[in-house]
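J.: File follows, query16.txt with compact mmCIF, C-alpha atoms:
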# COMPACT_ATOMS: atom_id res chain seq x y z
CA MET A 1 -1.91 -4.55 39.42
CA ILE A 2 0.54 -6.93 37.73
CA ASN A 3 -2.23 -8.27 35.52
CA LYS A 4 -3.18 -4.74 34.55
CA THR A 5 0.43 -3.91 33.66
CA ILE A 6 0.75 -7.10 31.60
CA HIS A 7 -2.52 -6.31 29.85
CA ARG A 8 -1.37 -2.76 29.06
CA PHE A 9 2.00 -4.08 27.86
CA LYS A 10 0.25 -6.55 25.56
CA SER A 11 -2.22 -4.06 24.15
CA HIS A 12 0.55 -1.59 23.31
CA LEU A 13 3.01 -4.06 21.88
CA ILE A 14 0.80 -6.32 19.86
CA LEU A 15 0.44 -3.95 16.89
CA PRO A 16 4.16 -3.61 16.13
CA LEU A 17 4.73 -7.28 16.89
CA VAL A 18 2.08 -8.57 14.51
CA PHE A 19 3.31 -5.98 12.07
CA ALA A 20 6.65 -7.72 11.89
CA LEU A 21 4.85 -10.75 10.46
CA GLY A 22 5.26 -9.22 7.04
CA LEU A 23 8.99 -9.76 7.29
CA ILE A 24 8.47 -13.52 7.20
CA PHE A 25 7.60 -13.46 3.55
CA LEU A 26 10.48 -11.36 2.38
CA TYR A 27 13.81 -12.50 1.18
CA PRO A 28 17.06 -10.62 1.68
CA THR A 29 17.65 -8.82 -1.60
CA PRO A 30 17.51 -5.08 -2.24
CA VAL A 31 14.01 -3.93 -3.13
CA TYR A 32 13.08 -1.64 -5.99
CA ALA A 33 10.01 0.52 -5.97
CA MET A 34 8.37 3.88 -6.13
CA HIS A 35 9.40 5.12 -2.69
CA ILE A 36 11.31 8.36 -2.96
CA ALA A 37 14.81 7.74 -1.60
CA GLU A 38 16.60 9.65 1.13
CA GLY A 39 17.86 13.09 0.09
CA ILE A 40 15.99 13.46 -3.20
CA LEU A 41 13.54 16.13 -2.01
CA PRO A 42 14.76 19.58 -0.96
CA ALA A 43 14.13 20.39 2.74
CA LYS A 44 11.24 22.83 2.23
CA TRP A 45 9.31 20.33 0.12
CA ALA A 46 10.02 17.57 2.62
CA VAL A 47 8.45 19.77 5.33
CA VAL A 48 5.37 20.54 3.20
CA TRP A 49 4.66 16.83 2.68
CA TYR A 50 5.34 16.09 6.35
CA VAL A 51 2.70 18.65 7.38
CA ILE A 52 0.07 17.24 5.00
CA ALA A 53 0.85 13.68 6.08
CA PHE A 54 0.69 14.64 9.78
CA ILE A 55 -2.92 15.83 9.48
CA PHE A 56 -4.12 12.49 8.10
CA VAL A 57 -1.96 10.35 10.39
CA ALA A 58 -3.04 12.29 13.50
CA TRP A 59 -6.70 11.87 12.60
CA GLY A 60 -6.12 8.17 11.91
CA ILE A 61 -4.44 7.65 15.30
CA ARG A 62 -7.38 9.38 16.97
CA LEU A 63 -9.77 7.00 15.18
CA ILE A 64 -7.71 3.95 16.16
CA ARG A 65 -7.75 4.98 19.83
CA LYS A 66 -11.48 5.56 19.71
CA LYS A 67 -12.27 2.29 17.97
CA THR A 68 -9.95 0.11 20.03
CA LYS A 69 -11.58 1.42 23.21
CA LYS A 70 -14.93 0.19 21.90
CA VAL A 71 -13.76 -3.06 20.26
CA LYS A 72 -11.04 -4.82 22.22
CA GLY A 73 -10.27 -7.46 19.59
CA LEU A 74 -9.47 -4.91 16.93
CA ILE A 75 -5.74 -4.39 17.57
CA PRO A 76 -4.51 -7.81 16.33
CA LEU A 77 -6.56 -7.34 13.17
CA LEU A 78 -5.08 -3.91 12.60
CA GLY A 79 -1.66 -5.48 13.11
CA LEU A 80 -2.43 -8.09 10.49
CA ALA A 81 -3.70 -5.45 8.06
CA GLY A 82 -0.52 -3.44 8.70
CA ALA A 83 1.62 -6.52 8.02
CA ALA A 84 -0.25 -7.05 4.76
CA ILE A 85 0.36 -3.44 3.68
CA PHE A 86 4.02 -3.77 4.65
CA LEU A 87 4.43 -6.96 2.66
CA ILE A 88 2.57 -5.79 -0.45
CA SER A 89 4.31 -2.42 -0.57
CA VAL A 90 7.78 -3.91 -0.46
CA PHE A 91 7.25 -6.85 -2.79
CA PRO A 92 9.08 -6.26 -6.10
CA VAL A 93 7.13 -7.61 -9.06
CA PRO A 94 8.87 -7.99 -12.45
CA VAL A 95 6.79 -6.61 -15.32
CA PRO A 96 7.08 -8.50 -18.63
CA ILE A 97 7.63 -6.53 -21.84
CA ALA A 98 8.65 -3.43 -19.85
CA GLY A 99 11.56 -5.33 -18.24
CA THR A 100 11.34 -3.38 -15.00
CA CYS A 101 10.28 -4.06 -11.42
CA SER A 102 7.94 -2.23 -9.10
CA HIS A 103 5.52 -3.00 -6.30
CA PRO A 104 1.81 -2.64 -5.56
CA CYS A 105 0.69 -0.44 -2.65
CA GLY A 106 -1.66 -2.47 -0.46
CA THR A 107 -3.28 0.66 0.95
CA PRO A 108 -6.46 0.40 -1.20
CA LEU A 109 -7.04 -3.05 0.29
CA GLY A 110 -6.23 -1.74 3.77
CA ALA A 111 -8.69 1.12 3.31
CA ILE A 112 -11.52 -1.25 2.37
CA LEU A 113 -10.79 -3.48 5.36
CA VAL A 114 -10.21 -0.90 8.10
CA GLY A 115 -11.14 2.50 6.64
CA PRO A 116 -8.97 5.10 4.86
CA PHE A 117 -7.70 7.03 7.90
CA ILE A 118 -6.62 3.91 9.78
CA SER A 119 -5.11 2.51 6.60
CA THR A 120 -3.11 5.74 6.34
CA VAL A 121 -1.61 5.14 9.79
CA LEU A 122 -0.78 1.52 8.94
CA GLY A 123 0.81 2.64 5.68
CA ALA A 124 2.86 5.26 7.54
CA ILE A 125 4.17 2.63 10.00
CA ALA A 126 5.01 0.29 7.09
CA LEU A 127 6.93 3.08 5.36
CA LEU A 128 8.81 3.91 8.56
CA ILE A 129 9.95 0.30 9.04
CA GLN A 130 10.98 0.10 5.38
CA ALA A 131 12.98 3.32 5.68
CA LEU A 132 14.58 2.14 8.93
CA PHE A 133 15.60 -1.38 8.05
CA LEU A 134 15.37 -1.85 4.29
CA ALA A 135 16.76 1.42 2.87
CA HIS A 136 13.42 1.67 1.09
CA GLY A 137 12.35 5.30 1.10
CA GLY A 138 13.89 7.60 3.69
CA PHE A 139 13.30 9.73 6.77
CA SER A 140 13.41 13.06 4.94
CA THR A 141 11.01 11.71 2.31
CA TRP A 142 8.76 9.84 4.76
CA GLY A 143 6.09 12.56 4.64
CA ALA A 144 6.01 12.58 0.83
CA ASN A 145 5.86 8.79 0.69
CA ILE A 146 3.04 8.76 3.28
CA VAL A 147 1.03 11.24 1.19
CA SER A 148 1.46 9.32 -2.06
CA MET A 149 1.14 5.73 -0.88
CA ALA A 150 -0.74 5.86 2.42
CA VAL A 151 -3.06 8.86 2.02
CA VAL A 152 -3.80 8.93 -1.72
CA GLY A 153 -3.70 5.13 -2.13
CA SER A 154 -6.15 4.68 0.76
CA PHE A 155 -8.57 7.45 -0.12
CA VAL A 156 -8.70 6.88 -3.87
CA GLY A 157 -9.10 3.14 -3.36
CA PHE A 158 -11.79 3.58 -0.73
CA GLY A 159 -13.56 6.25 -2.80
CA ALA A 160 -13.57 4.05 -5.92
CA PHE A 161 -14.95 1.11 -3.95
CA MET A 162 -17.75 3.16 -2.38
CA LEU A 163 -18.65 4.88 -5.66
CA LEU A 164 -18.91 1.64 -7.60
CA ARG A 165 -20.89 -0.03 -4.82
CA ARG A 166 -23.29 2.91 -5.00
CA PHE A 167 -23.75 2.07 -8.68
CA ASN A 168 -24.53 -1.52 -7.65
CA ALA A 169 -21.29 -2.95 -9.01
CA PRO A 170 -20.48 -6.44 -7.64
CA ILE A 171 -18.07 -6.50 -4.68
CA ALA A 172 -15.32 -8.09 -6.79
CA VAL A 173 -15.58 -5.41 -9.50
CA ALA A 174 -15.65 -2.55 -6.99
CA ALA A 175 -12.62 -3.97 -5.12
CA PHE A 176 -10.78 -4.51 -8.42
CA ALA A 177 -11.34 -0.87 -9.38
CA ALA A 178 -10.24 0.22 -5.90
CA GLY A 179 -6.92 -1.60 -6.20
CA LEU A 180 -6.40 -0.46 -9.80
CA LEU A 181 -7.17 3.23 -9.27
CA GLY A 182 -5.53 3.42 -5.82
CA ASP A 183 -2.30 2.05 -7.30
CA TRP A 184 -2.28 4.42 -10.26
CA ALA A 185 -3.20 7.41 -8.10
CA THR A 186 -0.26 6.63 -5.82
CA TYR A 187 2.19 6.74 -8.69
CA LEU A 188 0.62 9.87 -10.18
CA THR A 189 1.04 11.53 -6.78
CA THR A 190 4.67 10.42 -6.65
CA ALA A 191 5.14 11.98 -10.08
CA PHE A 192 3.54 15.20 -8.83
CA VAL A 193 5.68 15.23 -5.66
CA LEU A 194 8.83 14.87 -7.74
CA ALA A 195 7.78 17.37 -10.40
CA SER A 196 6.75 20.02 -7.87
CA ALA A 197 10.11 19.81 -6.12
CA LEU A 198 12.41 19.31 -9.09
CA HIS A 199 10.94 21.16 -12.08
CA GLY A 200 13.13 24.21 -11.42
CA THR A 201 12.57 26.80 -14.13
CA GLY A 202 10.89 24.26 -16.40
CA SER A 203 7.21 23.48 -16.62
CA LEU A 204 5.69 21.72 -13.60
CA TRP A 205 3.02 19.97 -15.67
CA GLY A 206 5.49 19.10 -18.41
CA MET A 207 7.70 17.29 -15.93
CA PHE A 208 4.69 15.72 -14.22
CA GLY A 209 3.55 14.32 -17.58
CA ALA A 210 7.01 13.03 -18.44
CA ILE A 211 7.42 11.21 -15.09
CA SER A 212 3.89 9.79 -15.29
CA ILE A 213 4.55 8.40 -18.77
CA ALA A 214 7.85 6.95 -17.56
CA PHE A 215 5.98 5.14 -14.76
CA ALA A 216 3.19 3.95 -17.07
CA PRO A 217 4.72 0.83 -18.74
CA THR A 218 5.50 -0.62 -15.32
CA GLN A 219 2.57 0.64 -13.33
CA LEU A 220 -0.32 0.09 -15.76
CA PRO A 221 -0.05 -3.73 -15.54
CA LEU A 222 0.85 -3.62 -11.84
CA GLY A 223 -2.35 -1.66 -11.20
CA ILE A 224 -4.29 -4.49 -12.84
CA LEU A 225 -2.42 -7.00 -10.69
CA GLU A 226 -3.19 -5.00 -7.56
CA GLY A 227 -6.84 -4.83 -8.62
CA ILE A 228 -7.05 -8.61 -9.02
CA PHE A 229 -5.33 -9.19 -5.69
CA THR A 230 -7.53 -6.66 -3.88
CA ALA A 231 -10.70 -8.16 -5.36
CA ALA A 232 -9.64 -11.69 -4.39
CA VAL A 233 -8.86 -10.74 -0.79
CA VAL A 234 -12.01 -8.66 -0.31
CA VAL A 235 -14.24 -11.43 -1.70
CA VAL A 236 -12.59 -14.05 0.53
CA VAL A 237 -12.85 -11.82 3.61
CA TYR A 238 -16.49 -11.08 2.80
CA GLN A 239 -17.30 -14.76 2.50
CA ARG A 240 -15.34 -15.86 5.58
CA ARG A 241 -15.64 -12.86 7.93
CA PRO A 242 -18.49 -10.64 6.66
CA GLU A 243 -18.62 -8.78 9.99
CA LEU A 244 -15.22 -7.23 9.17
CA LEU A 245 -16.76 -5.46 6.18
CA SER A 246 -20.08 -4.55 7.77
CA HIS A 247 -19.03 -0.89 7.91
CA ILE A 248 -19.07 -0.66 4.11
CA ILE A 249 -21.17 -3.60 2.94
CA PRO A 250 -24.54 -3.70 4.69
CA ARG A 251 -25.55 -7.01 6.22
CA SER A 252 -28.69 -7.11 4.05
CA ILE A 253 -26.50 -8.58 1.31
CA LYS A 254 -26.04 -12.13 2.45
CA PRO A 255 -22.69 -13.85 1.89
CA MET A 256 -22.57 -17.57 1.08
CA PRO A 257 -24.26 -19.27 4.08
CA ASN A 258 -21.89 -22.24 4.34
CA ALA A 259 -18.88 -19.91 4.24
CA VAL A 260 -20.28 -17.86 7.14
CA LYS A 261 -20.87 -21.00 9.13
CA GLU A 262 -17.31 -22.18 8.58
CA GLY A 263 -15.86 -18.77 9.30
CA SER A 264 -17.54 -18.48 12.69
CA GLN A 265 -16.36 -21.84 13.96
CA MET B 1 -32.54 0.64 -13.46
CA LYS B 2 -30.44 -1.10 -10.87
CA SER B 3 -29.08 -3.61 -13.37
CA LEU B 4 -28.41 -0.81 -15.88
CA SER B 5 -26.20 1.10 -13.44
CA ARG B 6 -24.51 -2.19 -12.58
CA MET B 7 -23.77 -2.88 -16.26
CA VAL B 8 -22.48 0.68 -16.76
CA ALA B 9 -20.15 0.37 -13.74
CA ILE B 10 -18.79 -2.97 -14.92
CA GLY B 11 -18.43 -1.62 -18.47
CA ILE B 12 -16.38 1.37 -17.30
CA VAL B 13 -14.03 -0.86 -15.31
CA VAL B 14 -13.59 -3.23 -18.29
CA VAL B 15 -12.85 -0.33 -20.68
CA ILE B 16 -10.28 1.19 -18.29
CA THR B 17 -8.58 -2.20 -17.90
CA CYS B 18 -8.45 -2.77 -21.67
CA LEU B 19 -6.97 0.70 -22.22
CA ALA B 20 -4.38 -0.03 -19.55
CA VAL B 21 -3.31 -3.25 -21.30
CA VAL B 22 -3.00 -1.41 -24.63
CA GLY B 23 -1.06 1.43 -22.95
CA TRP B 24 1.28 -1.06 -21.29
CA VAL B 25 2.15 -2.82 -24.56
CA VAL B 26 2.56 0.44 -26.52
CA LEU B 27 4.61 2.31 -23.92
CA ALA B 28 6.76 -0.65 -22.86
CA LYS B 29 8.82 -0.30 -26.04
CA GLU B 30 9.96 3.13 -24.90
CA VAL B 31 11.43 1.99 -21.58
CA PRO B 32 15.20 2.60 -21.53
CA GLU B 33 17.35 0.01 -19.79
CA GLY B 34 18.80 1.40 -16.57
CA GLU B 35 22.42 1.18 -15.46
CA GLU B 36 21.61 -1.84 -13.32
CA GLY B 37 20.42 -3.84 -16.35
CA PRO B 38 17.04 -5.47 -16.95
CA TRP B 39 14.46 -5.77 -14.17
CA GLY B 40 15.67 -2.61 -12.48
CA GLY B 41 13.25 -0.89 -10.14
CA VAL B 42 11.34 2.22 -11.19
CA ASP B 43 12.91 4.01 -8.23
CA VAL B 44 16.19 3.91 -10.16
CA THR B 45 14.98 3.99 -13.76
CA VAL B 46 12.49 6.79 -13.17
CA ILE B 47 12.74 8.57 -9.80
CA GLU B 48 16.51 8.69 -9.35
CA GLN B 49 17.02 9.39 -13.05
CA TYR B 50 14.77 12.48 -12.98
CA ALA B 51 16.25 13.55 -9.63
CA ALA B 52 19.78 13.25 -11.03
CA ASP B 53 18.78 15.35 -14.05
CA ALA B 54 17.59 18.02 -11.61
CA GLY B 55 20.83 17.85 -9.62
CA ARG B 56 19.55 15.80 -6.67
CA GLU B 57 21.23 12.55 -5.68
CA ALA B 58 19.90 9.88 -3.33
CA ARG B 59 21.83 9.76 -0.04
CA GLU B 60 23.01 6.66 1.77
CA PRO B 61 20.33 5.39 4.19
CA PHE B 62 20.83 6.23 7.89
CA ILE B 63 20.81 2.55 8.78
CA ASN B 64 22.31 0.40 6.06
CA THR B 65 21.29 -3.18 6.72
CA ASP B 66 22.58 -4.38 3.37
CA GLN B 67 25.94 -5.40 4.83
CA GLY B 68 27.02 -8.98 5.40
CA ASP B 69 24.36 -11.00 7.22
CA LEU B 70 22.71 -7.96 8.82
CA LEU B 71 19.71 -7.97 6.51
CA LEU B 72 19.25 -11.70 7.05
CA PHE B 73 19.29 -11.07 10.80
CA VAL B 74 16.58 -8.40 10.48
CA PHE B 75 14.38 -10.70 8.41
CA ALA B 76 14.90 -13.69 10.69
CA LEU B 77 14.15 -11.63 13.81
CA GLY B 78 11.08 -9.99 12.25
CA GLY B 79 9.81 -13.33 11.01
CA ALA B 80 10.30 -15.04 14.35
CA VAL B 81 8.65 -12.28 16.39
CA GLY B 82 5.82 -11.77 13.90
CA GLY B 83 5.21 -15.48 13.49
CA PHE B 84 5.10 -16.07 17.25
CA THR B 85 2.70 -13.18 17.80
CA ALA B 86 0.41 -14.18 14.95
CA GLY B 87 0.38 -17.76 16.26
CA TYR B 88 -0.46 -16.58 19.77
CA TYR B 89 -3.45 -14.57 18.48
CA TRP B 90 -4.39 -17.01 15.70
CA ARG B 91 -7.95 -17.73 16.88
CA ARG B 92 -8.73 -14.08 17.46
CA LEU B 93 -7.35 -13.13 14.06
CA LEU B 94 -9.02 -15.79 11.97
CA THR B 95 -12.03 -17.25 13.69
CA GLU B 96 -13.39 -15.28 16.65
CA LYS B 97 -15.90 -12.58 15.84
CA ILE B 98 -14.94 -9.10 16.99
Take the structure I supplied and represent it as C-alpha cells, if you would.

T.:
Amino acid sequence: MINKTIHRFKSHLILPLVFALGLIFLYPTPVYAMHIAEGILPAKWAVVWYVIAFIFVAWGIRLIRKKTKKVKGLIPLLGLAGAAIFLISVFPVPVPIAGTCSHPCGTPLGAILVGPFISTVLGAIALLIQALFLAHGGFSTWGANIVSMAVVGSFVGFGAFMLLRRFNAPIAVAAFAAGLLGDWATYLTTAFVLASALHGTGSLWGMFGAISIAFAPTQLPLGILEGIFTAAVVVVVYQRRPELLSHIIPRSIKPMPNAVKEGSQ
Amino acid sequence: MKSLSRMVAIGIVVVITCLAVVGWVVLAKEVPEGEEGPWGGVDVTVIEQYAADAGREAREPFINTDQGDLLLFVFALGGAVGGFTAGYYWRRLLTEKI
C-alpha cells in the first residue's frame, strides 16, 4: 500500500520536478521576448485564445495519459523535453545589427521529439511557470501565448519536418527547416493575435503587416539560429537514442552503428 | 527521382535561409531604439509599443519576483530541485531504452 502510494506520488511529481531543471541554466535578470504581457489583450480576445488553446492542450493531456500508461519510462523524458522548451523559450538572445533581444521557441524541437500535441502541453506548462515566477507573459494572455508558441510552433515545426522528410531531405535539413519555420510562424501568430485585438477601426491586415515587419529584423536571424539548434539536437538524439525518434523516422534508416552501441550502454 | 526531390528540398531551404539573411540586414536599419536603450526585448520595442498606440498598457505581474533576492531564490530552488530530480533519473533519461 505504502509502496503504491510512493509510486503514485513519484509518477505524478516527476514531470514538474524535472521541469524545474530548466531553471538551473537561467540567470536572474529580466527577460525580454515575444510573450504578450499581462493586460495587453482585451478580455473577450483573451477568452477566444483560451478556448482555442484548451482544445489542443486537452487533447495533448489525453495523449500523454494514454502513452504513459503504455510506456512507463516516458514521464522523465517528457519532463526533460519540457525543461528544454522552458529554457529555450526564456533565453534572451541579442541580435547583432538589429540591436534587439528575443528568444527562440523550442516547441518545434519538442514536437519532433515527442509529437505536436504533447509538445503543446509542455509549452503550455513552460508558459505558465514563466508567467508565475518570471513576469514573462501573463495569466490573461496565457491562452494567446499557448496558441502562438505552443500550438503553432509545434504544429508548423512538426509539419515542416514531416513534409521535408517525405521529399527525402536529410534529417538535419528537415529539422533545420522545422526550427526555422516554427519560430517564424510563432511570431507571425503573435502579430496576428495583437492585430486582431488592437486594430480598432484600422485595417487588421495593415496592422498585422506592420507588426510582422517590426518583428522581422530580430526574428529572421533568430529563426536561423533556432533551425541550427534544432537540427543539431535532432541529429544527436537520432545518433544516440534512435528509438526516441522511431515514431517519425523509420528504423530502416540506420543511424551510425558505433553511436547506437554507445547510446545503449 | 529520389535524389531530385532531395535536391529540390535542400534548395528550397537554402533559398529561404539566404532570403532571411538579406531581409535581416536590410530591415535591421529600420529598427528604432526603444526607451530602455540598445538590446531591448521585442516585447517592449514591438508588442508593448503597438499596444500602447492602441491604448492598452501592460499590467504589473500578479507575482513580482523581481524584488530583492526573490528571483535568485526562485532560480536557486528550481535549480536544486530540478538538478536533484534529473540526477536521480539520470540513467533512465540518458541511457536506458524506453

J.: Tell me, as a PyMOL selection string, which residues lie within 12 Å of Pro221 in chain A, counting only C-alpha atoms; anything in the same chain fewer than 2 positions away does not count.

T.: (chain A and resi 93-98+100-104+179-181+183-184+215-219+223-228) or (chain B and resi 16-25+27-28)

J.: For the atom pair CA of Pro61 in chain B and CA of Thr189 in chain A, what is the interatomic distance in Å to one decimal place?

T.: 23.0 Å

J.: I'd like to know which of A:Met162, A:Gly143, A:Ala195, A:Phe86 is closest to Ala46 in chain A, using only C-alpha atoms.

T.: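 Answer, going by the shortest atom-to-atom distance: A:Gly143.
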
J.: Go through A:Leu109, A:Leu134, A:Leu78, A:Leu194 and flag the residue nearest Asp66 in chain B, using only C-alpha atoms for the distances.

T.: A:Leu134

J.: Could you check how far CA of Ala81 in chain A sits from CA of Ala144 in chain A, in Å to one decimal?

T.: 21.7 Å

J.: Could you jot down the CA of Arg6 in chain B to CA of Phe167 in chain A separation for me, Å, one decimal place?

T.: 5.8 Å

J.: Compute the chain B side of the contact with chain A at 6 Å, counting all atoms listed in the file, and hand it back as JSON, numbers by chain.

T.: {"B": [5, 6, 9, 20, 24, 27, 28, 38, 39, 40, 41, 42, 43, 54, 56, 57, 58, 59, 61, 72, 75, 78, 79, 82, 83, 85, 86, 93, 95, 98]}

J.: For Gly82 in chain A, which residue out of A:Phe54, A:Ala126, A:Leu63, A:Pro108 is the nearest one, using all atoms listed in the file?

T.: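 For Gly82 in chain A, the nearest of the candidates is A:Ala126.
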
J.: Using all atoms listed in the file, which of the listed residues (A:Ala231, A:Ala178, A:Ile129, A:Ile249) sits closest to Ile63 in chain B?

T.: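 Distance minimum relative to Ile63 in chain B lands on A:Ile129.
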